[in-house]
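**Q** Take this structure first; my questions come after.
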Amino acid sequence: DGYHIMGWPAREDGSFAPQLQAVTYNHNALDPTRPTTRISLGGNLTSADGSTASHNTTLYAVTETPDGMGRGNNLRLVWTPIPDEPNAWTVSVTEEDRVVQSSVTPAVVRFTGDGRLASGSPEELTLALTLEDGTANITLDITGVTQYSSGEGFTVSRLEHDGAISGTLQDTYFDNRGIFYGRFSNGTIRALSQLPLAVFPAPNKLEALNGNTFRPTHESGLPELREAGAVHGFAQIVPGALEQSTVNIEDQFTKMITTQKAYSLSATVFRTADEMTQEATKNLKR
């Protein structure tokens, strides 16, 4: 009927703007490239125990490209023990993929004898990268790194980053709070808008229109827009479901048959009465 579903549009930070807009989406919508700015690394660095062997950790970071699509880069983080200083390591990034030059600040990480980061040792490192087509500065969180004797080099238990290459919209769906999500080919799930619920002081005073729609009146009062969800104590939206009829089918069929029989009987009575009237009229004319 030309109507549009209205919703609160999503902002870049994931919140929703208070102004209503039509809920629309483009099948060719793109989730833009988000360069990696932070990486969280967790794992165990085997104790040097007098060894001078270095250990490598592979990191993944997304950087921007001139075409705006972004590119994933494998960065090799190298841990090298410092001679004559137990439990101390220098950290560097080797040149891989498009990396032309790199540096790590601060470049020394120290642990205690029981395998934890030493007091005063940095918990975050800054990776400064010069690439073939730009630069990148990434904060590396190493609070989850330990140093225990394992003989396995560096074992990774957690590796998370906040970047993503651009992706195209694959499908959409609603949740029970009325939030409209888009799932993109880069694995990102992003909120696009949220459906509000309109609450009227006197809903029975709404004016009914065609197509099962209603219009506010002076008696119904102005609507108050609320967010759906149990946490707000109001209502939930059930996505992907069809509302069942509230009519008792057996009762309605019984009433329909009864009405049909009554109609047939009434029609027969009227037809018989009409025939009798016509016959009587003929006899009078004779």
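FYI, nothing fancy with the structure tokens labels: chains A, B, ... in order, residues from 1 per chain, ligands from 1 as they appear.
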Within 9 Å of stretch 59-61 of chain A, counting only C-alpha atoms, which residues show up once you throw out same-chain ones fewer than 2 positions away? Write them as a list in words, please.
**A** Pro35, Thr36, Thr37, Arg38, Ile39, Leu41, Thr57, Thr63, Arg71, Gly72, Asn73, Asn74, Leu75, Arg76, Leu77, Ile138, Leu159, Glu160, His161, Asp162, Gly163 and Ala164 of chain A
**Q** Taking the chain letters and numbering used in this document, name the residues of stretch 81-199 of chain A that DSSP puts in strand (DSSP E or B), as number ranges by chain.
**A** A: 81, 88-94, 99-105, 108-111, 117, 124-131, 134-146, 154-161, 164, 167-174, 179-184, 189-194, 196-199
**Q** Could you give me, as a Markdown table, every stretch 12-63 of chain A residue with an atom at most 9 Å from stretch 97-116 of chain A, plus its closest atom pair and distance in Å to one decimal, counting only C-alpha atoms, rows ordered by chain then number?
**A**
```
| residue | atom | partner | partner_atom | distance |
| --- | --- | --- | --- | --- |
| A:Asn44 | CA | A:Gly115 | CA | 8.9 |
| A:Leu45 | CA | A:Gly115 | CA | 8.9 |
| A:Ser47 | CA | A:Gly115 | CA | 8.0 |
```
**Q** Compile a residue-level contact table for stretch 56-158 of chain A against stretch 26-32 of chain A at a cut-off of 9 Å, reporting for every qualifying residue the shortest atom pair and its distance in Å to one decimal, with only C-alpha atoms counted, rows ordered by chain and ascending number, as JSON lines.
**A**
```
{"residue": "A:Gly68", "atom": "CA", "partner": "A:Pro32", "partner_atom": "CA", "distance": 7.8}
{"residue": "A:Met69", "atom": "CA", "partner": "A:Pro32", "partner_atom": "CA", "distance": 7.5}
{"residue": "A:Gly70", "atom": "CA", "partner": "A:Pro32", "partner_atom": "CA", "distance": 8.7}
```
**Q** Restricted to N, CA and C atoms, what would the selected residues look like written as a PDB file, in the first residue's frame?
**A**
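As written to disk, part.pdb reads:
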```pdb
ATOM      1  N   GLY A  68      40.437   1.056  -1.486  1.00  0.00           N
ATOM      2  CA  GLY A  68      39.486   1.071  -0.391  1.00  0.00           C
ATOM      3  C   GLY A  68      39.016  -0.292   0.064  1.00  0.00           C
ATOM      4  N   MET A  69      39.443  -1.369  -0.604  1.00  0.00           N
ATOM      5  CA  MET A  69      38.979  -2.699  -0.250  1.00  0.00           C
ATOM      6  C   MET A  69      39.696  -3.261   0.968  1.00  0.00           C
ATOM      7  N   GLY A  70      40.926  -2.807   1.218  1.00  0.00           N
ATOM      8  CA  GLY A  70      41.691  -3.322   2.351  1.00  0.00           C
ATOM      9  C   GLY A  70      42.396  -4.626   2.009  1.00  0.00           C
TER      10      GLY A  70
END
```
**Q** Could you build a table of the residues in stretch 3-46 of chain A lying no more than 8 Å from stretch 175-197 of chain A, giving for each the nearest pair of atoms and their separation in Å rounded to one decimal place, using only C-alpha atoms, ordered by chain and ascending residue number, as a tab-separated table?
**A**
```
residue	atom	partner	partner_atom	distance
A:Met6	CA	A:Leu195	CA	6.8
A:Gly7	CA	A:Leu195	CA	4.5
A:Trp8	CA	A:Gln194	CA	5.1
A:Pro9	CA	A:Ser193	CA	4.3
A:Ala10	CA	A:Ser193	CA	4.9
A:Gly14	CA	A:Ala191	CA	6.7
A:Phe16	CA	A:Ser193	CA	7.1
A:Val23	CA	A:Ser193	CA	6.8
A:Leu30	CA	A:Phe184	CA	7.7
A:Asp31	CA	A:Phe184	CA	6.8
```
**Q** Just the selected residues (N, CA, C and O atoms), exported as a short mmCIF file (atom, residue, chain, number, x, y, z; two decimals), in the first residue's frame, please.
**A**
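File produced: part34.cif:
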```cif
data_model
loop_
_atom_site.label_atom_id
_atom_site.label_comp_id
_atom_site.auth_asym_id
_atom_site.auth_seq_id
_atom_site.Cartn_x
_atom_site.Cartn_y
_atom_site.Cartn_z
N MET A 6 9.17 2.03 9.65
CA MET A 6 10.07 3.03 10.18
C MET A 6 10.90 2.47 11.34
O MET A 6 10.42 1.62 12.10
N GLY A 7 12.13 2.92 11.45
CA GLY A 7 13.00 2.44 12.52
C GLY A 7 14.04 3.47 12.89
O GLY A 7 14.20 4.50 12.22
N TRP A 8 14.74 3.19 13.98
CA TRP A 8 15.85 4.04 14.39
C TRP A 8 17.11 3.60 13.64
O TRP A 8 17.55 2.45 13.78
N PRO A 9 17.72 4.46 12.84
CA PRO A 9 18.92 4.04 12.09
C PRO A 9 20.12 3.87 13.02
O PRO A 9 20.27 4.57 14.02
N ALA A 10 20.98 2.92 12.67
CA ALA A 10 22.17 2.64 13.47
C ALA A 10 23.28 3.62 13.13
O ALA A 10 23.46 4.00 11.97
N GLY A 14 27.44 1.78 16.76
CA GLY A 14 26.52 0.73 17.17
C GLY A 14 25.29 1.21 17.90
O GLY A 14 24.35 0.43 18.12
N PHE A 16 21.85 3.87 18.28
CA PHE A 16 20.78 4.17 17.33
C PHE A 16 20.37 5.63 17.46
O PHE A 16 20.22 6.16 18.57
N VAL A 23 13.11 1.82 7.01
CA VAL A 23 14.06 0.71 7.09
C VAL A 23 14.28 0.18 5.68
O VAL A 23 13.44 -0.52 5.12
N LEU A 30 28.01 -2.35 1.13
CA LEU A 30 29.37 -2.75 1.51
C LEU A 30 29.61 -2.41 2.97
O LEU A 30 29.18 -1.36 3.46
N ASP A 31 30.28 -3.31 3.66
CA ASP A 31 30.82 -3.01 4.98
C ASP A 31 32.24 -2.49 4.75
O ASP A 31 33.09 -3.22 4.24
#
```
**Q** Give me, please, the distance in Å between atom CA of A:Ser157 and atom CA of A:Thr33, quoted to one decimal.
**A**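 For atom CA of A:Ser157 relative to atom CA of A:Thr33, the distance reads 26.3 Å.
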**Q** Between A:Thr80, A:Gly240, A:Glu279, A:Ile257, which one has atoms that come closest to A:Thr172, using only C-alpha atoms?
**A**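 Of A:Thr80, A:Gly240, A:Glu279, A:Ile257, the one nearest A:Thr172 is A:Gly240, counting only C-alpha atoms.
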**Q** Quick one: of A:Pro216, A:Gly211, A:Pro203, A:Gly153, who's nearest to A:Thr46, counting only C-alpha atoms?
**A**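 With only C-alpha atoms as the atom set, the closest residue is A:Gly153.
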**Q** With DSSP run on the backbone, what are the helix (DSSP H, G or I) residues within stretch 162-277 of chain A? I'd like them as an mmCIF file with all heavy atoms, in the first residue's frame.
**A**
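Contents of part-v2.cif, freshly written:
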```cif
data_model
loop_
_atom_site.group_PDB
_atom_site.id
_atom_site.type_symbol
_atom_site.label_atom_id
_atom_site.label_comp_id
_atom_site.auth_asym_id
_atom_site.auth_seq_id
_atom_site.Cartn_x
_atom_site.Cartn_y
_atom_site.Cartn_z
ATOM 1 N N PRO A 203 -5.430 2.878 22.983
ATOM 2 C CA PRO A 203 -5.319 2.222 21.670
ATOM 3 C C PRO A 203 -6.662 1.885 21.047
ATOM 4 O O PRO A 203 -6.765 1.788 19.823
ATOM 5 C CB PRO A 203 -4.504 0.958 21.978
ATOM 6 C CG PRO A 203 -4.674 0.731 23.442
ATOM 7 C CD PRO A 203 -4.822 2.078 24.058
ATOM 8 N N ASN A 204 -7.716 1.697 21.868
ATOM 9 C CA ASN A 204 -9.031 1.365 21.302
ATOM 10 C C ASN A 204 -9.664 2.551 20.582
ATOM 11 O O ASN A 204 -10.697 2.395 19.919
ATOM 12 C CB ASN A 204 -9.971 0.880 22.400
ATOM 13 C CG ASN A 204 -9.552 -0.467 22.950
ATOM 14 O OD1 ASN A 204 -8.932 -1.261 22.243
ATOM 15 N ND2 ASN A 204 -9.862 -0.730 24.204
ATOM 16 N N LYS A 205 -9.087 3.726 20.746
ATOM 17 C CA LYS A 205 -9.625 4.915 20.094
ATOM 18 C C LYS A 205 -8.912 5.218 18.764
ATOM 19 O O LYS A 205 -9.195 6.241 18.134
ATOM 20 C CB LYS A 205 -9.494 6.133 21.013
ATOM 21 C CG LYS A 205 -10.280 6.017 22.308
ATOM 22 C CD LYS A 205 -11.778 5.932 22.043
ATOM 23 C CE LYS A 205 -12.556 5.903 23.348
ATOM 24 N NZ LYS A 205 -14.034 5.843 23.109
ATOM 25 N N ALA A 230 12.452 -8.049 26.680
ATOM 26 C CA ALA A 230 12.010 -8.397 28.027
ATOM 27 C C ALA A 230 12.644 -7.500 29.082
ATOM 28 O O ALA A 230 12.061 -7.236 30.133
ATOM 29 C CB ALA A 230 12.315 -9.859 28.324
ATOM 30 N N VAL A 231 13.868 -7.033 28.830
ATOM 31 C CA VAL A 231 14.551 -6.217 29.831
ATOM 32 C C VAL A 231 13.830 -4.903 30.068
ATOM 33 O O VAL A 231 14.015 -4.266 31.091
ATOM 34 C CB VAL A 231 16.014 -5.946 29.407
ATOM 35 C CG1 VAL A 231 16.820 -7.225 29.409
ATOM 36 C CG2 VAL A 231 16.076 -5.279 28.047
ATOM 37 N N HIS A 232 13.019 -4.480 29.129
ATOM 38 C CA HIS A 232 12.272 -3.241 29.274
ATOM 39 C C HIS A 232 10.850 -3.498 29.762
ATOM 40 O O HIS A 232 10.063 -2.567 29.903
ATOM 41 C CB HIS A 232 12.243 -2.483 27.941
ATOM 42 C CG HIS A 232 13.599 -2.090 27.451
ATOM 43 N ND1 HIS A 232 14.259 -0.972 27.898
ATOM 44 C CD2 HIS A 232 14.446 -2.699 26.591
ATOM 45 C CE1 HIS A 232 15.442 -0.886 27.316
ATOM 46 N NE2 HIS A 232 15.580 -1.926 26.518
ATOM 47 N N ILE A 249 -11.379 -22.823 14.545
ATOM 48 C CA ILE A 249 -11.810 -23.279 13.225
ATOM 49 C C ILE A 249 -13.040 -24.185 13.328
ATOM 50 O O ILE A 249 -13.995 -24.054 12.531
ATOM 51 C CB ILE A 249 -10.663 -24.004 12.507
ATOM 52 C CG1 ILE A 249 -9.456 -23.062 12.338
ATOM 53 C CG2 ILE A 249 -11.110 -24.529 11.155
ATOM 54 C CD1 ILE A 249 -9.750 -21.862 11.494
ATOM 55 N N GLU A 250 -13.056 -25.112 14.284
ATOM 56 C CA GLU A 250 -14.194 -26.035 14.412
ATOM 57 C C GLU A 250 -15.478 -25.275 14.708
ATOM 58 O O GLU A 250 -16.536 -25.553 14.112
ATOM 59 C CB GLU A 250 -13.913 -27.047 15.524
ATOM 60 C CG GLU A 250 -12.739 -27.985 15.214
ATOM 61 C CD GLU A 250 -12.478 -28.957 16.354
ATOM 62 O OE1 GLU A 250 -13.188 -28.857 17.379
ATOM 63 O OE2 GLU A 250 -11.583 -29.807 16.225
ATOM 64 N N ASP A 251 -15.375 -24.306 15.614
ATOM 65 C CA ASP A 251 -16.568 -23.526 15.960
ATOM 66 C C ASP A 251 -17.060 -22.724 14.766
ATOM 67 O O ASP A 251 -18.274 -22.653 14.492
ATOM 68 C CB ASP A 251 -16.244 -22.604 17.132
ATOM 69 C CG ASP A 251 -17.416 -21.734 17.532
ATOM 70 O OD1 ASP A 251 -18.443 -22.292 17.970
ATOM 71 O OD2 ASP A 251 -17.313 -20.495 17.396
ATOM 72 N N GLN A 252 -16.120 -22.126 14.012
ATOM 73 C CA GLN A 252 -16.511 -21.320 12.865
ATOM 74 C C GLN A 252 -17.114 -22.170 11.748
ATOM 75 O O GLN A 252 -18.085 -21.750 11.099
ATOM 76 C CB GLN A 252 -15.294 -20.547 12.341
ATOM 77 C CG GLN A 252 -14.776 -19.488 13.303
ATOM 78 C CD GLN A 252 -15.823 -18.446 13.621
ATOM 79 O OE1 GLN A 252 -16.469 -17.896 12.725
ATOM 80 N NE2 GLN A 252 -16.019 -18.182 14.909
ATOM 81 N N PHE A 253 -16.573 -23.389 11.538
ATOM 82 C CA PHE A 253 -17.157 -24.271 10.534
ATOM 83 C C PHE A 253 -18.564 -24.694 10.926
ATOM 84 O O PHE A 253 -19.468 -24.777 10.091
ATOM 85 C CB PHE A 253 -16.269 -25.503 10.334
ATOM 86 C CG PHE A 253 -15.295 -25.353 9.197
ATOM 87 C CD1 PHE A 253 -13.932 -25.298 9.424
ATOM 88 C CD2 PHE A 253 -15.753 -25.270 7.883
ATOM 89 C CE1 PHE A 253 -13.039 -25.150 8.379
ATOM 90 C CE2 PHE A 253 -14.867 -25.125 6.838
ATOM 91 C CZ PHE A 253 -13.502 -25.067 7.076
ATOM 92 N N THR A 254 -18.753 -24.981 12.219
ATOM 93 C CA THR A 254 -20.090 -25.372 12.687
ATOM 94 C C THR A 254 -21.095 -24.253 12.461
ATOM 95 O O THR A 254 -22.215 -24.485 11.974
ATOM 96 C CB THR A 254 -20.037 -25.735 14.182
ATOM 97 O OG1 THR A 254 -19.118 -26.815 14.367
ATOM 98 C CG2 THR A 254 -21.409 -26.144 14.688
ATOM 99 N N LYS A 255 -20.676 -23.024 12.806
ATOM 100 C CA LYS A 255 -21.566 -21.877 12.608
ATOM 101 C C LYS A 255 -21.831 -21.639 11.128
ATOM 102 O O LYS A 255 -22.954 -21.273 10.735
ATOM 103 C CB LYS A 255 -20.957 -20.629 13.240
ATOM 104 C CG LYS A 255 -20.936 -20.673 14.768
ATOM 105 C CD LYS A 255 -20.336 -19.396 15.342
ATOM 106 C CE LYS A 255 -20.367 -19.434 16.879
ATOM 107 N NZ LYS A 255 -19.760 -18.204 17.465
ATOM 108 N N MET A 256 -20.801 -21.852 10.287
ATOM 109 C CA MET A 256 -20.985 -21.642 8.862
ATOM 110 C C MET A 256 -21.978 -22.648 8.283
ATOM 111 O O MET A 256 -22.855 -22.286 7.487
ATOM 112 C CB MET A 256 -19.631 -21.764 8.149
ATOM 113 C CG MET A 256 -19.710 -21.493 6.641
ATOM 114 S SD MET A 256 -18.140 -21.751 5.794
ATOM 115 C CE MET A 256 -18.012 -23.542 5.907
ATOM 116 N N ILE A 257 -21.853 -23.919 8.711
ATOM 117 C CA ILE A 257 -22.773 -24.950 8.215
ATOM 118 C C ILE A 257 -24.190 -24.660 8.690
ATOM 119 O O ILE A 257 -25.173 -24.794 7.927
ATOM 120 C CB ILE A 257 -22.305 -26.345 8.690
ATOM 121 C CG1 ILE A 257 -20.969 -26.692 8.024
ATOM 122 C CG2 ILE A 257 -23.355 -27.404 8.384
ATOM 123 C CD1 ILE A 257 -20.342 -27.958 8.563
ATOM 124 N N THR A 258 -24.311 -24.269 9.985
ATOM 125 C CA THR A 258 -25.642 -23.941 10.521
ATOM 126 C C THR A 258 -26.268 -22.785 9.752
ATOM 127 O O THR A 258 -27.459 -22.816 9.388
ATOM 128 C CB THR A 258 -25.536 -23.586 12.015
ATOM 129 O OG1 THR A 258 -24.960 -24.683 12.722
ATOM 130 C CG2 THR A 258 -26.900 -23.254 12.590
ATOM 131 N N THR A 259 -25.458 -21.752 9.502
ATOM 132 C CA THR A 259 -25.952 -20.581 8.773
ATOM 133 C C THR A 259 -26.337 -20.961 7.346
ATOM 134 O O THR A 259 -27.366 -20.508 6.803
ATOM 135 C CB THR A 259 -24.884 -19.476 8.754
ATOM 136 O OG1 THR A 259 -24.543 -19.134 10.099
ATOM 137 C CG2 THR A 259 -25.388 -18.241 8.044
ATOM 138 N N GLN A 260 -25.511 -21.808 6.736
ATOM 139 C CA GLN A 260 -25.807 -22.235 5.372
ATOM 140 C C GLN A 260 -27.109 -23.026 5.311
ATOM 141 O O GLN A 260 -27.927 -22.832 4.406
ATOM 142 C CB GLN A 260 -24.649 -23.064 4.843
ATOM 143 C CG GLN A 260 -24.794 -23.448 3.368
ATOM 144 C CD GLN A 260 -23.611 -24.261 2.871
ATOM 145 O OE1 GLN A 260 -22.905 -24.884 3.666
ATOM 146 N NE2 GLN A 260 -23.394 -24.261 1.566
ATOM 147 N N LYS A 261 -27.314 -23.928 6.309
ATOM 148 C CA LYS A 261 -28.559 -24.702 6.344
ATOM 149 C C LYS A 261 -29.756 -23.793 6.559
ATOM 150 O O LYS A 261 -30.817 -23.962 5.918
ATOM 151 C CB LYS A 261 -28.477 -25.742 7.458
ATOM 152 C CG LYS A 261 -27.495 -26.881 7.191
ATOM 153 C CD LYS A 261 -27.980 -27.756 6.042
ATOM 154 C CE LYS A 261 -27.059 -28.952 5.847
ATOM 155 N NZ LYS A 261 -27.490 -29.794 4.680
ATOM 156 N N ALA A 262 -29.575 -22.814 7.479
ATOM 157 C CA ALA A 262 -30.690 -21.899 7.747
ATOM 158 C C ALA A 262 -31.017 -21.081 6.510
ATOM 159 O O ALA A 262 -32.201 -20.843 6.193
ATOM 160 C CB ALA A 262 -30.327 -20.984 8.921
ATOM 161 N N TYR A 263 -29.966 -20.663 5.799
ATOM 162 C CA TYR A 263 -30.195 -19.903 4.574
ATOM 163 C C TYR A 263 -30.923 -20.757 3.537
ATOM 164 O O TYR A 263 -31.852 -20.293 2.867
ATOM 165 C CB TYR A 263 -28.859 -19.410 4.017
ATOM 166 C CG TYR A 263 -28.982 -18.696 2.693
ATOM 167 C CD1 TYR A 263 -29.358 -17.354 2.634
ATOM 168 C CD2 TYR A 263 -28.746 -19.374 1.497
ATOM 169 C CE1 TYR A 263 -29.475 -16.708 1.425
ATOM 170 C CE2 TYR A 263 -28.862 -18.732 0.284
ATOM 171 C CZ TYR A 263 -29.224 -17.391 0.247
ATOM 172 O OH TYR A 263 -29.364 -16.760 -0.959
ATOM 173 N N SER A 264 -30.479 -22.010 3.390
ATOM 174 C CA SER A 264 -31.125 -22.901 2.416
ATOM 175 C C SER A 264 -32.594 -23.122 2.769
ATOM 176 O O SER A 264 -33.469 -23.107 1.883
ATOM 177 C CB SER A 264 -30.386 -24.245 2.371
ATOM 178 O OG SER A 264 -29.044 -24.058 1.951
ATOM 179 N N LEU A 265 -32.880 -23.357 4.061
ATOM 180 C CA LEU A 265 -34.267 -23.558 4.489
ATOM 181 C C LEU A 265 -35.100 -22.305 4.250
ATOM 182 O O LEU A 265 -36.251 -22.376 3.774
ATOM 183 C CB LEU A 265 -34.314 -23.951 5.964
ATOM 184 C CG LEU A 265 -33.755 -25.341 6.303
ATOM 185 C CD1 LEU A 265 -33.720 -25.547 7.811
ATOM 186 C CD2 LEU A 265 -34.620 -26.438 5.646
ATOM 187 N N SER A 266 -34.508 -21.139 4.585
ATOM 188 C CA SER A 266 -35.240 -19.886 4.379
ATOM 189 C C SER A 266 -35.508 -19.669 2.902
ATOM 190 O O SER A 266 -36.602 -19.238 2.507
ATOM 191 C CB SER A 266 -34.444 -18.714 4.961
ATOM 192 O OG SER A 266 -34.268 -18.871 6.354
ATOM 193 N N ALA A 267 -34.498 -19.960 2.084
ATOM 194 C CA ALA A 267 -34.688 -19.793 0.639
ATOM 195 C C ALA A 267 -35.783 -20.724 0.126
ATOM 196 O O ALA A 267 -36.599 -20.341 -0.735
ATOM 197 C CB ALA A 267 -33.372 -20.056 -0.083
ATOM 198 N N THR A 268 -35.843 -21.949 0.678
ATOM 199 C CA THR A 268 -36.882 -22.902 0.259
ATOM 200 C C THR A 268 -38.255 -22.404 0.671
ATOM 201 O O THR A 268 -39.237 -22.506 -0.104
ATOM 202 C CB THR A 268 -36.607 -24.276 0.899
ATOM 203 O OG1 THR A 268 -35.316 -24.741 0.487
ATOM 204 C CG2 THR A 268 -37.667 -25.282 0.482
ATOM 205 N N VAL A 269 -38.356 -21.858 1.890
ATOM 206 C CA VAL A 269 -39.655 -21.324 2.365
ATOM 207 C C VAL A 269 -40.113 -20.194 1.471
ATOM 208 O O VAL A 269 -41.282 -20.138 1.052
ATOM 209 C CB VAL A 269 -39.529 -20.865 3.835
ATOM 210 C CG1 VAL A 269 -40.786 -20.086 4.249
ATOM 211 C CG2 VAL A 269 -39.328 -22.065 4.740
ATOM 212 N N PHE A 270 -39.195 -19.270 1.159
ATOM 213 C CA PHE A 270 -39.566 -18.142 0.311
ATOM 214 C C PHE A 270 -39.958 -18.616 -1.081
ATOM 215 O O PHE A 270 -40.910 -18.099 -1.686
ATOM 216 C CB PHE A 270 -38.393 -17.150 0.214
ATOM 217 C CG PHE A 270 -38.321 -16.207 1.383
ATOM 218 C CD1 PHE A 270 -37.301 -16.314 2.305
ATOM 219 C CD2 PHE A 270 -39.276 -15.206 1.549
ATOM 220 C CE1 PHE A 270 -37.227 -15.452 3.378
ATOM 221 C CE2 PHE A 270 -39.203 -14.337 2.620
ATOM 222 C CZ PHE A 270 -38.176 -14.456 3.553
ATOM 223 N N ARG A 271 -39.226 -19.601 -1.605
ATOM 224 C CA ARG A 271 -39.550 -20.102 -2.940
ATOM 225 C C ARG A 271 -40.904 -20.789 -2.940
ATOM 226 O O ARG A 271 -41.713 -20.603 -3.865
ATOM 227 C CB ARG A 271 -38.456 -21.077 -3.407
ATOM 228 C CG ARG A 271 -38.657 -21.520 -4.855
ATOM 229 C CD ARG A 271 -37.468 -22.304 -5.382
ATOM 230 N NE ARG A 271 -37.208 -23.505 -4.610
ATOM 231 C CZ ARG A 271 -36.209 -23.649 -3.756
ATOM 232 N NH1 ARG A 271 -35.335 -22.648 -3.590
ATOM 233 N NH2 ARG A 271 -36.036 -24.763 -3.066
ATOM 234 N N THR A 272 -41.187 -21.578 -1.902
ATOM 235 C CA THR A 272 -42.481 -22.247 -1.808
ATOM 236 C C THR A 272 -43.614 -21.253 -1.667
ATOM 237 O O THR A 272 -44.681 -21.370 -2.316
ATOM 238 C CB THR A 272 -42.481 -23.210 -0.598
ATOM 239 O OG1 THR A 272 -41.416 -24.150 -0.747
ATOM 240 C CG2 THR A 272 -43.808 -23.943 -0.491
ATOM 241 N N ALA A 273 -43.370 -20.211 -0.797
ATOM 242 C CA ALA A 273 -44.400 -19.180 -0.626
ATOM 243 C C ALA A 273 -44.637 -18.441 -1.932
ATOM 244 O O ALA A 273 -45.789 -18.098 -2.271
ATOM 245 C CB ALA A 273 -43.985 -18.211 0.490
ATOM 246 N N ASP A 274 -43.592 -18.173 -2.670
ATOM 247 C CA ASP A 274 -43.731 -17.476 -3.945
ATOM 248 C C ASP A 274 -44.500 -18.323 -4.943
ATOM 249 O O ASP A 274 -45.371 -17.810 -5.677
ATOM 250 C CB ASP A 274 -42.345 -17.147 -4.494
ATOM 251 C CG ASP A 274 -42.419 -16.369 -5.792
ATOM 252 O OD1 ASP A 274 -42.955 -15.238 -5.763
ATOM 253 O OD2 ASP A 274 -41.926 -16.885 -6.815
ATOM 254 N N GLU A 275 -44.218 -19.633 -4.969
ATOM 255 C CA GLU A 275 -44.944 -20.521 -5.877
ATOM 256 C C GLU A 275 -46.427 -20.600 -5.507
ATOM 257 O O GLU A 275 -47.305 -20.620 -6.386
ATOM 258 C CB GLU A 275 -44.310 -21.909 -5.845
ATOM 259 C CG GLU A 275 -42.913 -21.948 -6.467
ATOM 260 C CD GLU A 275 -42.260 -23.307 -6.316
ATOM 261 O OE1 GLU A 275 -42.851 -24.154 -5.602
ATOM 262 O OE2 GLU A 275 -41.162 -23.519 -6.886
ATOM 263 N N MET A 276 -46.704 -20.657 -4.193
ATOM 264 C CA MET A 276 -48.097 -20.704 -3.744
ATOM 265 C C MET A 276 -48.826 -19.419 -4.106
ATOM 266 O O MET A 276 -50.000 -19.448 -4.526
ATOM 267 C CB MET A 276 -48.154 -20.928 -2.233
ATOM 268 C CG MET A 276 -47.642 -22.305 -1.798
ATOM 269 S SD MET A 276 -47.592 -22.483 -0.012
ATOM 270 C CE MET A 276 -49.335 -22.344 0.390
ATOM 271 N N THR A 277 -48.129 -18.278 -3.976
ATOM 272 C CA THR A 277 -48.745 -16.991 -4.323
ATOM 273 C C THR A 277 -49.048 -16.926 -5.810
ATOM 274 O O THR A 277 -50.127 -16.463 -6.226
ATOM 275 C CB THR A 277 -47.805 -15.846 -3.924
ATOM 276 O OG1 THR A 277 -47.564 -15.909 -2.517
ATOM 277 C CG2 THR A 277 -48.424 -14.498 -4.257
#
```
**Q** Measure the distance from atom CA of A:Asp133 to atom CA of A:Arg34 in Å and round it to one decimal.
**A**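 Taking atom CA of A:Asp133 and atom CA of A:Arg34, their separation equals 16.2 Å.
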